[in-house]
Amino acid sequence: MKGCLYVLREVDAPVIGVERLQRALRIIAASANVQNGSGPVSCNLIAPSDAGKTELILSSQPSNARVVNDFTFATLIKILDTPKPPTFLIVPDLNVIISHRPTVAALAMALLLSLMAEGVTDIPGIDEESKLKAKKLKQAGVKVALVTGMTPEMFQGKRGQWRKTGFLRRLVPIHYAYSAETEKAIQTSIEQGLDTLSYFHNSMPRVRQTAVDLPAAIRHELRELSEIVVTRQLTWGTHGRDGQKREQQAHAYPFSAHKTLRQLCRASALLHGRKTATNADLKDVKDLVKFMRYDRPEEI
């Protein structure tokens, strides 16, 4: 399958404070183009309301993506039961999906979980004919990455359940907040007549999927980084019945995080036209990792 790489193209209005986020989203989008990796990386932008999550997501779309504001199990099947299903499913606000009746939301999320993990090889259709057609076309399975966003409050209400189902393990958090300096700059921009934040738009030249090598030194650093992320950043505080505060780890093991960081490092190299990752790609991953946390947001 062919994919796309992503270069930024400047528009009239300036970007305010989101360059690092855009770079992270470009790397995540490029993860689908790594031939020898673990597949496209899913992500979840966690930020307060009015922080521009939807604008960022929609201005950083991979080419083979489908944008949907809402879906159920049945509508997701229709999206997938095509000769060329999307590689990325973009849902600007996941709250819309999980706000359905519990049974409806549970079915949709269960299918989404399978798509983000091992993939789906048997897609039930509306009738037996479409089911057979789907099986014939997708013998290798369909794997789809999710790009979505939510508020911290919404995430806190779902994190425990999603930890149990394994959903968190498959979803890279991009947790951010604006610093006082950036907030002031945005306010000044609005005061001067720019009533909406404008972002760079992506142009997406076609390229073939490419294998990217990871040198031994970089592989070792990514391993150590995955262990740090899981034990120190992908955690949150909980209170037991005795009133004592404890740290809850989102992942029991660092394996999934390790695979994800390797994929992101390869994707960064691919963005720069390299078939072997360098320290510059490792630097990009380390900056992205600063957003991969549940304990607090990274200020921009």
# chains A, B, ... in the order shown; residues from 1 in each chain; ligands from 1

$ residues_around --residues "Ile79 of chain A" --least-positions-apart "2" --cutoff "12 Å" --atoms "only C-alpha atoms" --output "PyMOL selection string"
chain A and resi 65-68+70-77+81-89+112+123+125+134+142+144

$ residues_around --residues "segment 298-300 of chain A" --least-positions-apart "3" --cutoff "8 Å" --atoms "only C-alpha atoms" --output "list in words"
Gly17, Val18, Arg20, His175, Tyr176, Ala177, Tyr178, Ser179, Thr182, Lys290 and Phe291 of chain A

$ write_last_selection --atoms "C-alpha atoms" --output "PDB file, in the first residue's frame"
ATOM      1  CA  GLY A  17       2.619  28.133  20.178  1.00  0.00           C
ATOM      2  CA  VAL A  18       1.631  24.904  18.427  1.00  0.00           C
ATOM      3  CA  ARG A  20       5.767  21.260  18.561  1.00  0.00           C
ATOM      4  CA  HIS A 175      -1.446  16.061  26.795  1.00  0.00           C
ATOM      5  CA  TYR A 176      -0.906  19.815  26.585  1.00  0.00           C
ATOM      6  CA  ALA A 177      -1.869  23.200  27.988  1.00  0.00           C
ATOM      7  CA  TYR A 178      -0.989  26.759  27.070  1.00  0.00           C
ATOM      8  CA  SER A 179       1.565  28.623  29.129  1.00  0.00           C
ATOM      9  CA  THR A 182       1.277  31.706  24.914  1.00  0.00           C
ATOM     10  CA  LYS A 290       7.207  15.192  26.708  1.00  0.00           C
ATOM     11  CA  PHE A 291       3.516  15.242  25.745  1.00  0.00           C
TER      12      PHE A 291
END

$ residues_around --residues "Ser49 of chain A" --least-positions-apart "3" --cutoff "10 Å" --atoms "only C-alpha atoms" --output "JSON, numbers by chain"
{"A": [46, 52, 53, 54, 150, 151, 152, 153]}

$ write_last_selection --atoms "C-alpha atoms" --output "mmCIF file, in the first residue's frame"
data_model
loop_
_atom_site.group_PDB
_atom_site.id
_atom_site.type_symbol
_atom_site.label_atom_id
_atom_site.label_comp_id
_atom_site.auth_asym_id
_atom_site.auth_seq_id
_atom_site.Cartn_x
_atom_site.Cartn_y
_atom_site.Cartn_z
ATOM 1 C CA ILE A 46 -5.932 15.834 25.839
ATOM 2 C CA GLY A 52 -7.734 24.177 19.572
ATOM 3 C CA LYS A 53 -7.737 20.353 19.566
ATOM 4 C CA THR A 54 -10.132 20.046 16.634
ATOM 5 C CA MET A 150 -10.958 15.068 24.626
ATOM 6 C CA THR A 151 -10.845 17.253 27.709
ATOM 7 C CA PRO A 152 -8.870 16.213 30.813
ATOM 8 C CA GLU A 153 -12.121 15.847 32.771
#

$ closest_atom_pairs --of "segment 143-178 of chain A" --to "segment 222-233 of chain A" --cutoff "12 Å" --atoms "only C-alpha atoms" --output "CSV"
residue,atom,partner,partner_atom,distance
A:Leu168,CA,A:Val230,CA,11.7
A:Arg169,CA,A:Val230,CA,10.2
A:Val172,CA,A:Val229,CA,11.2
A:Pro173,CA,A:Gln233,CA,10.4
A:Ile174,CA,A:Gln233,CA,11.7
A:His175,CA,A:Gln233,CA,10.7

$ atom_distance --atom1 "atom CA of Thr260 of chain A" --atom2 "atom CA of Gly37 of chain A"
9.0 Å

$ atom_distance --atom1 "atom CA of Arg163 of chain A" --atom2 "atom CA of Tyr294 of chain A"
12.3 Å

$ closest_residue --among "A:Gln263, A:Leu234, A:Leu115, A:Ala110" --to "Asn36 of chain A" --atoms "only C-alpha atoms"
A:Gln263

$ residues_around --residues "Leu25 of chain A" --least-positions-apart "5" --cutoff "9 Å" --atoms "only C-alpha atoms" --output "MDAnalysis selection string"
chainID A and resid 20 30 43 56:57 60:61

$ closest_residue --among "A:Gln244, A:Ile186, A:Leu194, A:Asn279" --to "Ala217 of chain A" --atoms "only C-alpha atoms"
A:Asn279
